[in-house]
Amino acid sequence: MATVVREHLRLHHTADELFDLVLDVRAYPQFINQITALRVLRESENDLTAEARVRYKFVAEKFTTRVQSCPETRRIDVSFISGPFRTLNNSWQFLPLSDGSCLVDFFIEAEFKIGMLQMLLEANKARAGQVLINRFSAEAARRYAISGNPSVNLDDEIDALVK
């Protein structure tokens, strides 16, 4: 059975900045410790294929994904091509908020072919999603200035976007 993680969080950077950050796949090994190497195999406008080498504890694997982006809607979809997964689907949506900050809608569904790896993923699913989001958030803070007003409560606006 596939492991699913969905996160909604407000980040104090623009939607365009965060969209560009997630599309900068070549830089992932610089700020995501588990990615030891990444190479782009094919690239065209709004579509690329990349191979990643990852290491987590005693596990080292290689997998290939297709990354499709839509700048107009600030959406990125990642789909599985080859590697140790049965299923791998990932999406990011960056929704601008009225104060200039951004609501990030993050989704990942993954299932490994190997039962032991799937059990490891399932046991760490909450942490794994949070670690990934934290890595991107930290890199955004390093690259970009703060956007929006952290003291402004936008809960109603966010609730309307999430529904």
# chains A, B, ... in the order shown; residues from 1 in each chain; ligands from 1

$ residues_around --residues "stretch 52-61 of chain A" --least-positions-apart "5" --cutoff "6 Å" --atoms "only C-alpha atoms" --output "short mmCIF file (atom, residue, chain, number, x, y, z; two decimals) with C-alpha atoms, in the first residue's frame"
data_model
loop_
_atom_site.label_atom_id
_atom_site.label_comp_id
_atom_site.auth_asym_id
_atom_site.auth_seq_id
_atom_site.Cartn_x
_atom_site.Cartn_y
_atom_site.Cartn_z
CA GLN A 34 19.95 12.38 1.15
CA ILE A 35 20.47 13.22 -2.55
CA THR A 36 24.09 12.37 -3.28
CA ALA A 37 23.98 13.07 -7.04
CA LEU A 38 21.53 14.30 -9.62
#

$ residues_around --residues "A:Leu21" --least-positions-apart "2" --cutoff "10 Å" --atoms "only C-alpha atoms" --output "PDB file with C-alpha atoms, in the first residue's frame"
ATOM      1  CA  ALA A  15       5.045  31.896  -5.069  1.00  0.00           C
ATOM      2  CA  ASP A  16       7.314  32.548  -8.063  1.00  0.00           C
ATOM      3  CA  GLU A  17      10.474  32.229  -5.949  1.00  0.00           C
ATOM      4  CA  LEU A  18       9.358  28.937  -4.430  1.00  0.00           C
ATOM      5  CA  PHE A  19       8.269  27.601  -7.827  1.00  0.00           C
ATOM      6  CA  LEU A  23      12.383  23.511 -10.345  1.00  0.00           C
ATOM      7  CA  ASP A  24      16.106  23.998  -9.670  1.00  0.00           C
ATOM      8  CA  VAL A  25      16.649  20.234  -9.476  1.00  0.00           C
ATOM      9  CA  ALA A  27      20.889  22.207  -6.913  1.00  0.00           C
ATOM     10  CA  TYR A  28      19.134  19.531  -4.815  1.00  0.00           C
ATOM     11  CA  PHE A 136      13.308  23.537   0.848  1.00  0.00           C
ATOM     12  CA  SER A 137      12.184  26.123   3.396  1.00  0.00           C
ATOM     13  CA  GLU A 139      17.089  26.926   1.135  1.00  0.00           C
ATOM     14  CA  ALA A 140      14.390  29.501   0.318  1.00  0.00           C
ATOM     15  CA  ARG A 143      18.233  32.463  -1.301  1.00  0.00           C
ATOM     16  CA  TYR A 144      15.393  34.953  -0.935  1.00  0.00           C
TER      17      TYR A 144
END

$ select_by_dssp --residues "chain A" --states "strand (DSSP E or B)" --output "VMD selection string"
chain A and resid 3 to 11 35 to 44 47 to 56 59 to 70 75 to 82 85 to 96 102 to 112

$ write_last_selection --atoms "C-alpha atoms" --output "mmCIF file, in the first residue's frame"
data_model
loop_
_atom_site.group_PDB
_atom_site.id
_atom_site.type_symbol
_atom_site.label_atom_id
_atom_site.label_comp_id
_atom_site.auth_asym_id
_atom_site.auth_seq_id
_atom_site.Cartn_x
_atom_site.Cartn_y
_atom_site.Cartn_z
ATOM 1 C CA THR A 3 2.418 5.934 1.681
ATOM 2 C CA VAL A 4 0.804 9.360 1.264
ATOM 3 C CA VAL A 5 1.935 12.651 2.767
ATOM 4 C CA ARG A 6 0.124 15.956 2.203
ATOM 5 C CA GLU A 7 1.248 19.245 3.727
ATOM 6 C CA HIS A 8 -0.094 22.785 3.514
ATOM 7 C CA LEU A 9 2.122 25.500 4.867
ATOM 8 C CA ARG A 10 2.613 29.211 4.567
ATOM 9 C CA LEU A 11 6.106 30.353 3.638
ATOM 10 C CA ILE A 35 20.469 13.218 -2.550
ATOM 11 C CA THR A 36 24.089 12.371 -3.281
ATOM 12 C CA ALA A 37 23.979 13.066 -7.043
ATOM 13 C CA LEU A 38 21.525 14.299 -9.616
ATOM 14 C CA ARG A 39 21.743 14.627 -13.360
ATOM 15 C CA VAL A 40 19.273 15.924 -15.892
ATOM 16 C CA LEU A 41 18.873 13.406 -18.709
ATOM 17 C CA ARG A 42 16.527 15.382 -20.925
ATOM 18 C CA GLU A 43 15.124 18.877 -20.760
ATOM 19 C CA SER A 44 12.659 20.931 -22.752
ATOM 20 C CA ASP A 47 9.441 19.205 -18.893
ATOM 21 C CA LEU A 48 12.581 17.425 -17.735
ATOM 22 C CA THR A 49 13.771 13.948 -16.888
ATOM 23 C CA ALA A 50 16.266 13.555 -14.049
ATOM 24 C CA GLU A 51 18.118 10.717 -12.375
ATOM 25 C CA ALA A 52 18.806 10.969 -8.640
ATOM 26 C CA ARG A 53 21.072 8.926 -6.410
ATOM 27 C CA VAL A 54 19.895 8.864 -2.807
ATOM 28 C CA ARG A 55 21.247 7.498 0.437
ATOM 29 C CA TYR A 56 19.362 7.086 3.691
ATOM 30 C CA VAL A 59 19.998 2.229 1.801
ATOM 31 C CA ALA A 60 21.449 3.604 -1.445
ATOM 32 C CA GLU A 61 19.271 3.730 -4.558
ATOM 33 C CA LYS A 62 18.977 5.399 -7.939
ATOM 34 C CA PHE A 63 15.719 6.454 -9.587
ATOM 35 C CA THR A 64 14.520 8.452 -12.575
ATOM 36 C CA THR A 65 11.606 10.890 -12.611
ATOM 37 C CA ARG A 66 9.828 13.183 -15.009
ATOM 38 C CA VAL A 67 9.242 16.732 -13.795
ATOM 39 C CA GLN A 68 6.515 18.751 -15.508
ATOM 40 C CA SER A 69 5.858 22.366 -14.620
ATOM 41 C CA CYS A 70 3.171 24.920 -15.368
ATOM 42 C CA ARG A 75 2.341 23.791 -10.253
ATOM 43 C CA ILE A 76 5.009 21.091 -10.493
ATOM 44 C CA ASP A 77 4.201 17.417 -10.993
ATOM 45 C CA VAL A 78 6.773 14.654 -10.579
ATOM 46 C CA SER A 79 6.148 11.144 -11.871
ATOM 47 C CA PHE A 80 8.138 7.925 -11.633
ATOM 48 C CA ILE A 81 9.992 6.471 -14.624
ATOM 49 C CA SER A 82 12.343 3.838 -13.189
ATOM 50 C CA PHE A 85 9.389 2.277 -6.560
ATOM 51 C CA ARG A 86 6.093 0.689 -7.475
ATOM 52 C CA THR A 87 4.516 4.146 -7.292
ATOM 53 C CA LEU A 88 5.948 7.642 -6.980
ATOM 54 C CA ASN A 89 3.842 10.742 -7.571
ATOM 55 C CA ASN A 90 4.664 14.141 -6.188
ATOM 56 C CA SER A 91 3.125 17.562 -6.702
ATOM 57 C CA TRP A 92 3.797 21.074 -5.528
ATOM 58 C CA GLN A 93 1.386 24.000 -5.921
ATOM 59 C CA PHE A 94 2.420 27.522 -4.927
ATOM 60 C CA LEU A 95 -0.531 29.788 -4.200
ATOM 61 C CA PRO A 96 0.155 33.506 -3.690
ATOM 62 C CA CYS A 102 2.771 31.858 -0.324
ATOM 63 C CA LEU A 103 0.716 28.812 0.562
ATOM 64 C CA VAL A 104 2.575 25.641 -0.421
ATOM 65 C CA ASP A 105 0.427 22.599 -1.189
ATOM 66 C CA PHE A 106 2.752 19.570 -1.118
ATOM 67 C CA PHE A 107 1.697 16.002 -1.945
ATOM 68 C CA ILE A 108 3.680 12.793 -2.289
ATOM 69 C CA GLU A 109 2.532 9.217 -2.786
ATOM 70 C CA ALA A 110 5.206 6.526 -2.751
ATOM 71 C CA GLU A 111 5.407 2.780 -2.594
ATOM 72 C CA PHE A 112 8.626 0.797 -2.804
#

$ closest_residue --among "A:Asn46, A:Ile32, A:His12, A:Arg135" --to "A:Pro150" --atoms "only C-alpha atoms"
A:His12

$ select_by_dssp --residues "stretch 6-129 of chain A" --states "alpha helix (DSSP H)" --output "list of chain:residue names"
A:Ala15, A:Asp16, A:Glu17, A:Leu18, A:Phe19, A:Asp20, A:Leu21, A:Val22, A:Leu23, A:Tyr28, A:Pro29, A:Gln30, A:Phe31, A:Gly115, A:Met116, A:Leu117, A:Gln118, A:Met119, A:Leu120, A:Leu121, A:Glu122, A:Ala123, A:Lys125, A:Ala126, A:Arg127, A:Ala128, A:Gly129

$ residues_around --residues "A:Asp99" --least-positions-apart "4" --cutoff "8 Å" --atoms "only C-alpha atoms" --output "list in words"
Ser147, Gly148, Asn149 and Val152 of chain A

$ write_last_selection --atoms "C-alpha atoms" --output "PDB file, in the first residue's frame"
ATOM      1  CA  SER A 147       7.902  38.338   1.607  1.00  0.00           C
ATOM      2  CA  GLY A 148       4.664  39.038   3.398  1.00  0.00           C
ATOM      3  CA  ASN A 149       4.031  39.971   6.979  1.00  0.00           C
ATOM      4  CA  VAL A 152      -0.729  39.047   9.628  1.00  0.00           C
TER       5      VAL A 152
END

$ closest_residue --among "A:His13, A:Met1, A:Lys113, A:Ser101" --to "A:Ala145" --atoms "only C-alpha atoms"
A:His13
